[in-house]
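Novice: Got target-v1.txt for you, compact mmCIF, C-alpha atoms and all ligand atoms:
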```txt
# COMPACT_ATOMS: atom_id res chain seq x y z
CA MET M 1 135.62 85.81 119.89
CA ILE M 2 132.29 87.53 119.82
CA HIS M 3 133.22 90.45 117.62
CA THR M 4 132.68 90.72 113.93
CA PRO M 5 135.94 91.55 112.11
CA ASP M 6 134.94 95.20 111.68
CA GLU M 7 133.87 95.63 115.24
CA GLN M 8 136.93 93.83 116.46
CA ASN M 9 139.21 96.04 114.38
CA SER M 10 137.75 99.33 115.49
CA TYR M 11 137.53 98.12 119.04
CA THR M 12 141.13 96.94 118.93
CA LYS M 13 142.30 100.34 117.76
CA GLN M 14 140.32 102.25 120.36
CA LYS M 15 140.43 100.43 123.60
CA THR M 16 142.53 97.33 123.96
CA SER M 17 145.84 96.92 125.66
CA LYS M 18 148.77 95.16 124.03
CA SER M 19 148.01 91.96 125.90
CA ALA M 20 144.37 92.09 124.88
CA ARG M 21 145.42 92.50 121.25
CA GLN M 22 147.68 89.50 121.70
CA PHE M 23 144.69 87.59 122.98
CA MET M 24 142.65 88.53 119.96
CA LYS M 25 145.36 87.13 117.71
CA HIS M 26 145.82 84.07 119.90
CA PRO M 27 142.57 83.35 121.70
CA GLY M 28 144.22 80.58 123.71
CA LEU M 29 146.06 83.19 125.80
CA LEU M 30 144.40 84.85 128.75
CA PRO M 31 144.53 88.62 128.51
CA SER M 32 145.53 90.86 131.34
CA THR M 33 142.27 92.76 131.20
CA VAL M 34 142.46 96.49 130.62
CA GLY M 35 139.00 97.70 129.68
CA LEU M 36 137.99 94.16 128.88
CA LYS M 37 135.74 91.73 130.65
CA ASN M 38 135.85 88.03 130.16
CA GLU M 39 133.50 85.26 131.08
CA ARG M 40 132.62 81.79 130.11
CA SER M 41 129.31 81.15 128.44
CA THR M 42 127.84 78.00 127.02
CA ALA M 43 129.58 78.92 123.78
CA GLY M 44 133.07 79.25 125.28
CA PHE M 45 135.41 82.01 126.39
CA ARG M 46 134.13 85.52 125.77
CA MET M 47 135.57 89.01 125.88
CA ILE M 48 133.57 92.17 125.67
CA PRO M 49 134.52 95.81 126.16
CA SER M 50 133.41 97.20 129.50
CA GLY M 51 131.36 100.37 129.91
CA THR M 52 129.20 99.39 126.96
CA LEU M 53 125.43 99.08 126.53
CA TYR M 54 124.37 96.29 124.18
CA VAL M 55 120.90 96.58 122.65
CA VAL M 56 120.00 92.97 122.05
CA ALA M 57 117.14 91.74 119.84
CA THR M 58 115.35 88.69 121.22
CA PRO M 59 112.85 86.27 119.57
CA ILE M 60 109.27 87.29 118.68
CA GLY M 61 107.96 83.81 119.47
CA ASN M 62 110.22 80.93 118.61
CA LEU M 63 112.90 80.98 121.32
CA ARG M 64 115.53 79.71 118.89
CA ASP M 65 115.25 82.88 116.78
CA ILE M 66 118.16 84.53 118.55
CA SER M 67 121.63 85.01 117.15
CA LEU M 68 124.72 83.29 118.48
CA ARG M 69 126.21 86.71 119.06
CA ALA M 70 123.18 87.78 121.11
CA LEU M 71 123.58 84.70 123.30
CA ASP M 72 127.28 85.42 123.69
CA ILE M 73 126.55 88.97 124.77
CA LEU M 74 123.82 87.94 127.20
CA ALA M 75 126.22 85.46 128.74
CA ALA M 76 129.06 87.95 128.99
CA VAL M 77 127.47 91.18 130.29
CA ASP M 78 127.33 92.03 133.98
CA VAL M 79 123.63 92.91 134.02
CA ILE M 80 120.64 92.54 131.73
CA ALA M 81 118.10 95.40 131.78
CA ALA M 82 114.88 93.62 130.82
CA GLU M 83 111.37 94.89 130.08
CA ASP M 84 109.93 91.95 132.02
CA THR M 85 112.50 89.96 133.96
CA ARG M 86 110.23 86.86 134.02
CA THR M 87 109.99 86.77 130.23
CA THR M 88 113.72 87.19 129.88
CA ALA M 89 114.39 84.59 132.59
CA HIS M 90 112.38 82.14 130.47
CA LEU M 91 114.54 82.91 127.43
CA LEU M 92 117.77 82.64 129.41
CA THR M 93 116.76 79.32 130.98
CA HIS M 94 115.87 77.97 127.54
CA HIS M 95 119.43 78.74 126.45
CA SER M 96 121.01 77.51 129.72
CA LEU M 97 122.05 80.99 130.81
CA ALA M 98 121.64 82.73 134.14
CA LYS M 99 122.28 86.42 134.69
CA LYS M 100 121.66 89.26 137.08
CA MET M 101 118.74 91.35 135.81
CA MET M 102 117.11 94.69 136.47
CA ALA M 103 113.66 95.77 135.32
CA SER M 104 113.61 98.42 132.61
CA HIS M 105 110.13 99.14 131.31
CA ARG M 106 108.08 102.06 130.08
CA HIS M 107 107.21 103.22 133.60
CA ASN M 108 110.72 103.28 135.07
CA GLU M 109 112.92 103.83 132.02
CA CYS M 110 114.27 107.19 133.17
CA ALA M 111 115.26 105.87 136.60
CA THR M 112 116.76 102.72 135.08
CA ALA M 113 118.68 104.78 132.56
CA LYS M 114 120.49 106.58 135.40
CA LYS M 115 121.29 103.27 137.10
CA VAL M 116 122.64 101.87 133.86
CA VAL M 117 124.86 104.93 133.34
CA ASN M 118 126.23 104.40 136.88
CA LEU M 119 127.01 100.79 136.07
CA LEU M 120 128.76 101.78 132.85
CA ALA M 121 130.78 104.36 134.80
CA GLN M 122 131.95 101.54 137.06
CA GLY M 123 133.22 99.69 134.00
CA LYS M 124 130.31 97.23 133.87
CA SER M 125 128.65 96.10 130.67
CA VAL M 126 124.88 96.01 130.31
CA ALA M 127 122.50 94.38 127.82
CA LEU M 128 119.10 95.89 127.12
CA VAL M 129 116.32 93.51 126.02
CA THR M 130 112.55 93.75 125.69
CA ASP M 131 109.95 91.01 125.81
CA ALA M 132 110.11 90.34 122.09
CA GLY M 133 112.02 91.58 119.08
CA THR M 134 114.17 94.65 118.78
CA PRO M 135 114.27 97.13 121.69
CA GLY M 136 113.18 100.65 120.79
CA ILE M 137 110.84 99.44 118.02
CA SER M 138 107.35 100.01 119.48
CA ASP M 139 109.09 99.06 122.70
CA PRO M 140 111.00 100.89 125.45
CA GLY M 141 114.68 101.57 124.96
CA SER M 142 115.09 104.95 123.29
CA ILE M 143 115.29 106.94 126.56
CA LEU M 144 117.95 104.64 127.95
CA VAL M 145 119.94 104.61 124.71
CA THR M 146 119.77 108.42 124.44
CA LEU M 147 121.04 108.96 127.97
CA VAL M 148 123.84 106.42 127.59
CA ARG M 149 124.99 107.98 124.32
CA ASP M 150 124.73 111.49 125.75
CA GLN M 151 126.99 110.44 128.59
CA GLY M 152 129.59 109.30 126.08
CA TYR M 153 129.26 105.54 126.51
CA LYS M 154 129.21 103.17 123.61
CA VAL M 155 125.91 101.63 122.48
CA VAL M 156 126.26 98.48 120.40
CA PRO M 157 123.23 97.04 118.58
CA ILE M 158 122.94 93.27 118.37
CA PRO M 159 120.45 92.73 115.53
CA GLY M 160 117.81 90.05 115.31
CA ALA M 161 114.07 89.46 115.16
CA ASN M 162 111.56 92.20 114.40
CA ALA M 163 107.89 91.45 113.73
CA ALA M 164 107.46 94.07 110.99
CA VAL M 165 110.44 92.92 108.96
CA CYS M 166 109.51 89.29 109.53
CA ALA M 167 106.01 89.96 108.12
CA LEU M 168 107.35 91.95 105.16
CA SER M 169 109.80 89.20 104.27
CA ALA M 170 107.02 86.66 103.79
CA ALA M 171 104.26 88.84 102.34
CA GLY M 172 105.64 89.07 98.83
CA ILE M 173 105.02 92.78 98.48
CA VAL M 174 106.55 94.01 95.26
CA THR M 175 106.74 97.72 95.98
CA PRO M 176 110.13 98.53 97.50
CA ASN M 177 109.15 101.21 100.04
CA PHE M 178 107.31 100.79 103.27
CA LEU M 179 106.42 103.02 106.18
CA PHE M 180 106.64 101.45 109.60
CA TYR M 181 103.96 103.06 111.74
CA GLY M 182 103.67 100.67 114.67
CA PHE M 183 100.60 100.99 116.89
CA LEU M 184 97.78 103.29 115.80
CA PRO M 185 96.04 105.35 118.51
CA VAL M 186 93.72 103.21 120.60
CA SER M 187 90.59 105.37 120.42
CA VAL M 188 88.51 105.75 117.30
CA GLY M 189 88.72 109.52 116.70
CA PRO M 190 92.51 109.89 116.91
CA ARG M 191 92.97 106.61 115.01
CA ARG M 192 90.83 107.77 112.10
CA ARG M 193 92.53 111.17 112.06
CA GLU M 194 95.91 109.46 111.92
CA LEU M 195 94.75 107.24 109.08
CA GLU M 196 93.53 110.29 107.17
CA LYS M 197 97.11 111.61 107.32
CA LEU M 198 98.49 108.33 105.98
CA LYS M 199 95.83 107.86 103.31
CA SER M 200 97.64 109.47 100.39
CA LEU M 201 101.08 107.94 101.02
CA PRO M 202 102.24 105.60 98.27
CA HIS M 203 104.24 103.35 100.61
CA THR M 204 103.15 100.04 102.05
CA LEU M 205 101.88 100.86 105.55
CA VAL M 206 103.01 98.63 108.41
CA PHE M 207 100.97 98.53 111.62
CA TYR M 208 101.14 96.57 114.84
CA GLU M 209 97.87 95.69 116.52
CA ALA M 210 96.73 93.90 119.65
CA PRO M 211 94.09 91.14 119.46
CA HIS M 212 91.47 92.99 121.51
CA ARG M 213 91.50 95.89 119.03
CA ILE M 214 91.92 94.01 115.77
CA LEU M 215 88.24 94.15 114.69
CA GLU M 216 87.68 97.84 115.40
CA CYS M 217 91.03 98.72 113.86
CA MET M 218 90.18 96.75 110.72
CA ALA M 219 86.82 98.50 110.42
CA ASP M 220 88.53 101.91 110.64
CA LEU M 221 91.21 100.94 108.14
CA ALA M 222 88.55 99.93 105.59
CA GLU M 223 86.45 102.98 106.32
CA VAL M 224 89.26 105.50 105.90
CA LEU M 225 91.60 103.86 103.39
CA GLY M 226 88.95 102.17 101.25
CA ILE M 227 88.06 98.51 100.78
CA ARG M 228 90.20 97.90 97.73
CA ARG M 229 93.65 98.09 99.21
CA GLN M 230 95.56 94.87 99.48
CA LEU M 231 96.09 93.75 103.05
CA THR M 232 98.37 91.10 104.50
CA ILE M 233 97.54 89.95 108.01
CA ALA M 234 100.62 88.36 109.60
CA ARG M 235 99.55 86.73 112.84
CA GLU M 236 101.51 84.82 115.48
CA LEU M 237 104.72 84.90 113.45
CA THR M 238 107.23 82.17 114.28
CA LYS M 239 104.67 80.52 116.60
CA LEU M 240 102.49 77.44 116.40
CA PHE M 241 99.49 79.18 114.83
CA GLU M 242 101.41 81.41 112.46
CA THR M 243 99.07 82.73 109.76
CA ILE M 244 99.89 84.93 106.80
CA HIS M 245 96.75 85.87 104.89
CA THR M 246 96.39 88.31 102.00
CA CYS M 247 93.04 89.73 100.93
CA ALA M 248 91.32 92.94 99.94
CA LEU M 249 90.95 95.26 102.93
CA GLY M 250 87.17 95.13 102.49
CA ASP M 251 87.21 91.37 103.11
CA ALA M 252 89.42 91.37 106.18
CA LEU M 253 86.70 91.88 108.75
CA GLY M 254 84.69 88.98 107.32
CA TRP M 255 87.78 86.77 107.29
CA LEU M 256 88.55 87.56 110.92
CA GLN M 257 84.96 87.06 112.03
CA ALA M 258 84.66 83.74 110.20
CA ASP M 259 86.80 82.05 112.85
CA VAL M 260 87.30 83.49 116.34
CA ASN M 261 90.78 81.92 116.48
CA ARG M 262 91.85 84.27 113.69
CA GLN M 263 91.33 87.19 116.07
CA LYS M 264 93.75 85.82 118.64
CA GLY M 265 97.45 86.47 119.10
CA GLU M 266 99.74 89.20 117.84
CA PHE M 267 99.28 90.99 114.53
CA VAL M 268 101.28 92.82 111.93
CA LEU M 269 99.14 94.45 109.24
CA LEU M 270 100.64 95.35 105.87
CA LEU M 271 98.56 97.58 103.64
CA SER M 272 99.30 98.53 100.06
CA GLY M 273 99.94 102.25 99.63
CA ALA M 274 97.83 104.77 97.78
CA GLU M 275 97.94 104.42 94.03
CA SER M 276 99.22 107.50 92.26
CA GLY M 277 96.53 109.55 90.54
CA ASN M 278 93.01 109.00 91.72
CA GLU M 279 93.25 106.84 94.78
CA GLY M 280 91.70 103.45 94.21
CA GLU M 281 89.83 104.47 91.07
CA ILE M 282 89.81 101.98 88.23
CA ASN M 283 88.48 102.97 84.83
CA ASP M 284 85.21 101.40 83.68
CA LYS M 285 86.70 99.47 80.79
CA ALA M 286 89.26 97.81 83.06
CA GLN M 287 86.57 96.91 85.59
CA ARG M 288 84.33 95.38 82.93
CA THR M 289 87.22 93.44 81.41
CA LEU M 290 88.28 92.09 84.76
CA LYS M 291 84.76 91.01 85.70
CA LEU M 292 84.36 89.17 82.41
CA LEU M 293 87.71 87.42 82.69
CA LEU M 294 87.10 86.44 86.31
CA LYS M 295 84.09 84.39 85.22
CA ASP M 296 86.30 81.93 83.36
CA LEU M 297 89.87 82.37 84.55
CA PRO M 298 91.78 81.97 87.81
CA LEU M 299 92.25 85.27 89.65
CA LYS M 300 95.90 85.92 88.84
CA GLN M 301 95.47 85.17 85.16
CA ALA M 302 92.37 87.34 84.94
CA VAL M 303 94.20 90.21 86.63
CA GLY M 304 97.23 89.87 84.35
CA LEU M 305 95.13 89.85 81.19
CA ALA M 306 92.88 92.68 82.34
CA ALA M 307 95.96 94.77 83.12
CA GLU M 308 97.39 94.10 79.66
CA ILE M 309 94.17 94.82 77.84
CA SER M 310 93.21 97.96 79.75
CA GLY M 311 96.61 99.38 80.69
CA GLU M 312 95.33 99.68 84.28
CA SER M 313 97.62 99.05 87.27
CA ARG M 314 98.00 95.35 88.09
CA ASN M 315 97.98 96.11 91.84
CA LYS M 316 94.70 98.01 91.63
CA LEU M 317 93.14 95.24 89.57
CA TYR M 318 94.43 92.61 91.95
CA ALA M 319 92.85 94.37 94.92
CA LEU M 320 89.59 94.77 92.98
CA ALA M 321 89.63 91.10 92.01
CA LEU M 322 90.07 90.07 95.64
CA ALA M 323 87.19 92.35 96.65
CA LEU M 324 84.94 90.97 93.90
CA LYS M 325 85.82 87.41 94.81
CA GLY M 326 85.02 88.11 98.46
CA GLU M 327 81.70 89.77 97.51
CA ALA M 328 80.78 86.78 95.36
CA SER M 329 81.51 84.26 98.10
CA ARG M 330 79.52 86.29 100.66
CA ASN M 331 76.53 86.41 98.30
CA LYS M 332 76.47 82.64 97.82
N1 LIG M 401 109.98 95.25 119.48
C1 LIG M 401 109.09 94.37 118.77
C2 LIG M 401 109.62 94.17 117.36
O1 LIG M 401 110.80 94.38 117.12
O2 LIG M 401 108.84 93.78 116.50
C3 LIG M 401 107.67 94.87 118.83
C4 LIG M 401 107.12 94.94 120.22
S1 LIG M 401 105.49 95.57 120.29
C5 LIG M 401 105.32 95.91 122.01
C6 LIG M 401 104.51 94.13 120.19
C7 LIG M 401 103.73 94.09 118.88
O3 LIG M 401 104.57 93.59 117.85
C8 LIG M 401 102.54 93.11 118.94
O4 LIG M 401 101.38 93.74 119.46
C9 LIG M 401 102.36 92.77 117.48
O5 LIG M 401 101.69 93.79 116.80
C10 LIG M 401 103.83 92.74 117.01
N2 LIG M 401 104.36 91.37 117.19
C11 LIG M 401 105.24 90.95 118.10
N3 LIG M 401 105.48 89.64 117.96
C12 LIG M 401 104.70 89.22 116.93
C13 LIG M 401 104.47 87.97 116.32
N4 LIG M 401 105.08 86.87 116.74
N5 LIG M 401 103.60 87.90 115.29
C14 LIG M 401 102.97 89.00 114.86
N6 LIG M 401 103.14 90.22 115.41
C15 LIG M 401 103.98 90.33 116.43
```
Here is the file; what I need is its structure written in the form of structure tokens.
Ligand code: SAM
Specialist:
Amino acid sequence: MIHTPDEQNSYTKQKTSKSARQFMKHPGLLPSTVGLKNERSTAGFRMIPSGTLYVVATPIGNLRDISLRALDILAAVDVIAAEDTRTTAHLLTHHSLAKKMMASHRHNECATAKKVVNLLAQGKSVALVTDAGTPGISDPGSILVTLVRDQGYKVVPIPGANAAVCALSAAGIVTPNFLFYGFLPVSVGPRRRELEKLKSLPHTLVFYEAPHRILECMADLAEVLGIRRQLTIARELTKLFETIHTCALGDALGWLQADVNRQKGEFVLLLSGAESGNEGEINDKAQRTLKLLLKDLPLKQAVGLAAEISGESRNKLYALALALKGEASRNK
């Protein structure tokens, strides 16, 4: 069965006939389908409730980063509403699936939403997917989901890959809170104004950025937020050239420009939040101590000792140390 125990239980209570419940207890029996659809997929016999929209997360690169349940659902639904049917066809073929699809992208989402509601009214089940990751997250989907829910149909999320969470999981950021922003405005003025609003927030800031804007975006980030913040650039996650690089924000532009390949692909940017008190300011004694220690000790040890001696925040000192190290290597 494709349902988790919880889902299966609530579903069983709400919708299934006696014979369908029998089937759930004894999956060898064929149900007489009342409100249920069944199909065979590569993974075996499947049953899913009809009149349901499934919001299915797909991989962000590596085609195997998709859950078994997502594959089951894609195999079992009547129609897949896909952001780009060619991209989804590629995914389906990779997993030996074939399915009727309809295009559902930013420019036709309203019209598609009505078509999907009609399908649900006919007792069909539909899966919504985007090109990569979780639908509705910097991706189309929210209009469709809203309309379907408003019309009283069930929307079931099928969780999976998401670039922001993937980046956060491997960045080793110790602060517990983050703010997912997604894409900043594309033009300089609105982007800088938006960054000004975010500047004082203490949370790790999570941005998506496209390769053709990465340099200008980085310049604005450093200009508005200051060069000392810690930045993790997570590029091409789950793909061949996956890169996860942490540095001071002031060094990021130089790092990107040092190798044109580093500017290619898809980016998640994770920026440390504003320090409480005076943003980015480190007292003189702490700065002097850190500079002295950095002459003889590895970076982490120097930061740790400087923090202990001065009482200054370890994060601030770490960002400063990265900036000083970058400055030193540029001056060589
Ligand atoms: N819905 C997706 C999700 O759940 O993450 C996001 C889709 S959004 C249109 C595409 C952006 O996500 C890219 O421009 C990039 O910023 C980020 N992204 C997607 N895949 C990525 C990857 N493999 N590595 C790094 N960033 C990625």
Novice: Could the residues of chain M that have an atom at most 9 Å from ligand LIG 401 (chain M) be listed as CSV, each with its closest atom pair and the distance in Å to one decimal, counting all atoms listed in the file and ordered by chain and ascending residue number?
Specialist:
```
residue,atom,partner,partner_atom,distance
M:Ala57,CA,M:LIG401,O1,7.4
M:Thr58,CA,M:LIG401,O1,8.4
M:Pro59,CA,M:LIG401,N3,8.3
M:Ile60,CA,M:LIG401,N3,4.5
M:Gly61,CA,M:LIG401,N4,5.0
M:Asn62,CA,M:LIG401,N4,8.1
M:Thr130,CA,M:LIG401,N1,6.9
M:Asp131,CA,M:LIG401,C4,7.4
M:Ala132,CA,M:LIG401,C1,5.3
M:Gly133,CA,M:LIG401,O1,3.6
M:Thr134,CA,M:LIG401,O1,3.8
M:Pro135,CA,M:LIG401,N1,5.2
M:Gly136,CA,M:LIG401,N1,6.4
M:Ile137,CA,M:LIG401,N1,4.5
M:Ser138,CA,M:LIG401,S1,4.9
M:Asp139,CA,M:LIG401,C5,5.0
M:Pro140,CA,M:LIG401,N1,8.3
M:Gly160,CA,M:LIG401,O1,8.4
M:Ala161,CA,M:LIG401,O1,6.2
M:Asn162,CA,M:LIG401,O1,3.6
M:Ala163,CA,M:LIG401,O2,3.7
M:Ala164,CA,M:LIG401,O2,5.7
M:Val165,CA,M:LIG401,O2,7.8
M:Cys166,CA,M:LIG401,O2,8.3
M:Ala167,CA,M:LIG401,C14,7.5
M:Gly182,CA,M:LIG401,O5,7.5
M:Phe183,CA,M:LIG401,O5,7.3
M:Phe207,CA,M:LIG401,O5,7.1
M:Tyr208,CA,M:LIG401,O5,3.4
M:Glu209,CA,M:LIG401,O5,4.3
M:Ala210,CA,M:LIG401,O4,4.7
M:Pro211,CA,M:LIG401,O4,7.7
M:Ile233,CA,M:LIG401,C14,8.8
M:Ala234,CA,M:LIG401,C14,5.8
M:Arg235,CA,M:LIG401,C14,4.6
M:Glu236,CA,M:LIG401,N5,3.7
M:Leu237,CA,M:LIG401,N5,3.7
M:Thr238,CA,M:LIG401,N4,5.7
M:Lys239,CA,M:LIG401,N4,6.4
M:Glu242,CA,M:LIG401,N5,7.4
M:Thr243,CA,M:LIG401,N5,8.8
M:Gly265,CA,M:LIG401,N5,7.4
M:Glu266,CA,M:LIG401,N6,4.3
M:Phe267,CA,M:LIG401,N6,4.0
M:Val268,CA,M:LIG401,N6,4.7
M:Leu269,CA,M:LIG401,O5,8.0
```
Novice: Mind dumping the selected residues with C-alpha atoms as a short mmCIF file (atom, residue, chain, number, x, y, z; two decimals), keeping the file's coordinate frame?
Specialist:
```cif
data_model
loop_
_atom_site.label_atom_id
_atom_site.label_comp_id
_atom_site.auth_asym_id
_atom_site.auth_seq_id
_atom_site.Cartn_x
_atom_site.Cartn_y
_atom_site.Cartn_z
CA ALA M 57 117.14 91.74 119.84
CA THR M 58 115.35 88.69 121.22
CA PRO M 59 112.85 86.27 119.57
CA ILE M 60 109.27 87.29 118.68
CA GLY M 61 107.96 83.81 119.47
CA ASN M 62 110.22 80.93 118.61
CA THR M 130 112.55 93.75 125.69
CA ASP M 131 109.95 91.01 125.81
CA ALA M 132 110.11 90.34 122.09
CA GLY M 133 112.02 91.58 119.08
CA THR M 134 114.17 94.65 118.78
CA PRO M 135 114.27 97.13 121.69
CA GLY M 136 113.18 100.65 120.79
CA ILE M 137 110.84 99.44 118.02
CA SER M 138 107.35 100.01 119.48
CA ASP M 139 109.09 99.06 122.70
CA PRO M 140 111.00 100.89 125.45
CA GLY M 160 117.81 90.05 115.31
CA ALA M 161 114.07 89.46 115.16
CA ASN M 162 111.56 92.20 114.40
CA ALA M 163 107.89 91.45 113.73
CA ALA M 164 107.46 94.07 110.99
CA VAL M 165 110.44 92.92 108.96
CA CYS M 166 109.51 89.29 109.53
CA ALA M 167 106.01 89.96 108.12
CA GLY M 182 103.67 100.67 114.67
CA PHE M 183 100.60 100.99 116.89
CA PHE M 207 100.97 98.53 111.62
CA TYR M 208 101.14 96.57 114.84
CA GLU M 209 97.87 95.69 116.52
CA ALA M 210 96.73 93.90 119.65
CA PRO M 211 94.09 91.14 119.46
CA ILE M 233 97.54 89.95 108.01
CA ALA M 234 100.62 88.36 109.60
CA ARG M 235 99.55 86.73 112.84
CA GLU M 236 101.51 84.82 115.48
CA LEU M 237 104.72 84.90 113.45
CA THR M 238 107.23 82.17 114.28
CA LYS M 239 104.67 80.52 116.60
CA GLU M 242 101.41 81.41 112.46
CA THR M 243 99.07 82.73 109.76
CA GLY M 265 97.45 86.47 119.10
CA GLU M 266 99.74 89.20 117.84
CA PHE M 267 99.28 90.99 114.53
CA VAL M 268 101.28 92.82 111.93
CA LEU M 269 99.14 94.45 109.24
#
```
Novice: Ranking M:Ala98, M:Val155, M:Leu290, M:Leu63 by minimum distance to Ser313 in chain M and counting only C-alpha atoms, which one comes first?
Specialist: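 Selected residue with least distance to Ser313 in chain M: M:Leu290.
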Novice: From the set M:Arg229, M:His245, M:Arg314, M:Lys154, which residue has the shortest atom-to-atom contact distance to Pro49 in chain M, counting all atoms listed in the file?
Specialist: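 Going through M:Arg229, M:His245, M:Arg314, M:Lys154 one by one, the smallest distance to Pro49 in chain M is for M:Lys154.
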Novice: Take the point (86.7, 97.3, 105.0) in the file's coordinates, draw a sphere of radius 7 Å around it, and report as an NGL selection string every protein, DNA or RNA residue with an atom inside or on it, counting only C-alpha atoms.
Specialist: :M and (218-219 or 221-223 or 226-227 or 249-253)
Novice: Which value, in Å to one decimal, gives the distance between CA of Leu128 in chain M and CA of Ile143 in chain M?
Specialist: 11.7 Å
Novice: Identify which of the residues M:Ser96, M:Asn108, M:Asn177, M:Ser272 lies closest to Asp84 in chain M, counting only C-alpha atoms when measuring atom-to-atom distances.
Specialist: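 For Asp84 in chain M, the nearest of the given residues is M:Asn108.
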Novice: Under the rule that all atoms listed in the file are counted, which of M:Leu240, M:Leu168, M:Val116, M:Cys217 is the nearest residue to Leu256 in chain M?
Specialist: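 Counting all atoms listed in the file, the residue closest to Leu256 in chain M is M:Cys217.
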Novice: Here is a test: counting only C-alpha atoms, which residue of M:Lys114, M:His94, M:Arg228, M:Arg69 is nearest to Ile48 in chain M?
Specialist: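 The closest residue to Ile48 in chain M is M:Arg69.
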Novice: Which distance in Å separates CA of Ala323 in chain M and CA of Lys295 in chain M, to one decimal?
Specialist: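 Going from CA of Ala323 in chain M over to CA of Lys295 in chain M covers 14.3 Å.
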Novice: Kindly indicate which residue among M:Leu225, M:Asn261, M:Ala82, M:Ala307 lies nearest to Phe241 in chain M, using all atoms listed in the file for the distances.
Specialist: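 Under the stated criterion, the closest residue is M:Asn261.
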Novice: Just want the 9 Å neighbourhood of range 145-153 of chain M, counted on all atoms listed in the file, with same-chain residues fewer than 3 positions away dropped. Output as a list in words.
Specialist: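 Neighbouring residues, sequence-local ones excluded: Gly51, Thr52, Leu53, Val55, Cys110, Ala113, Lys114, Val116, Val117, Leu120, Ala121, Gly136, Gly141 and Ser142 of chain M.
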Novice: One decimal, in Å: what's the spacing between CA of Val126 in chain M and CA of Ile73 in chain M?
Specialist: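 Those two atoms sit 9.1 Å apart.
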Novice: Would you kindly return, as a PDB file with C-alpha atoms, in the frame of the given file, each protein, DNA or RNA residue with an atom no farther than 9 Å from any atom of Lys199 in chain M, considering only C-alpha atoms and excluding same-chain residues fewer than 6 positions away?
Specialist:
```pdb
ATOM      1  CA  VAL M 224      89.260 105.500 105.900  1.00  0.00           C
ATOM      2  CA  LEU M 225      91.600 103.860 103.390  1.00  0.00           C
ATOM      3  CA  GLY M 273      99.940 102.250  99.630  1.00  0.00           C
ATOM      4  CA  ALA M 274      97.830 104.770  97.780  1.00  0.00           C
ATOM      5  CA  GLU M 279      93.250 106.840  94.780  1.00  0.00           C
TER       6      GLU M 279
END
```
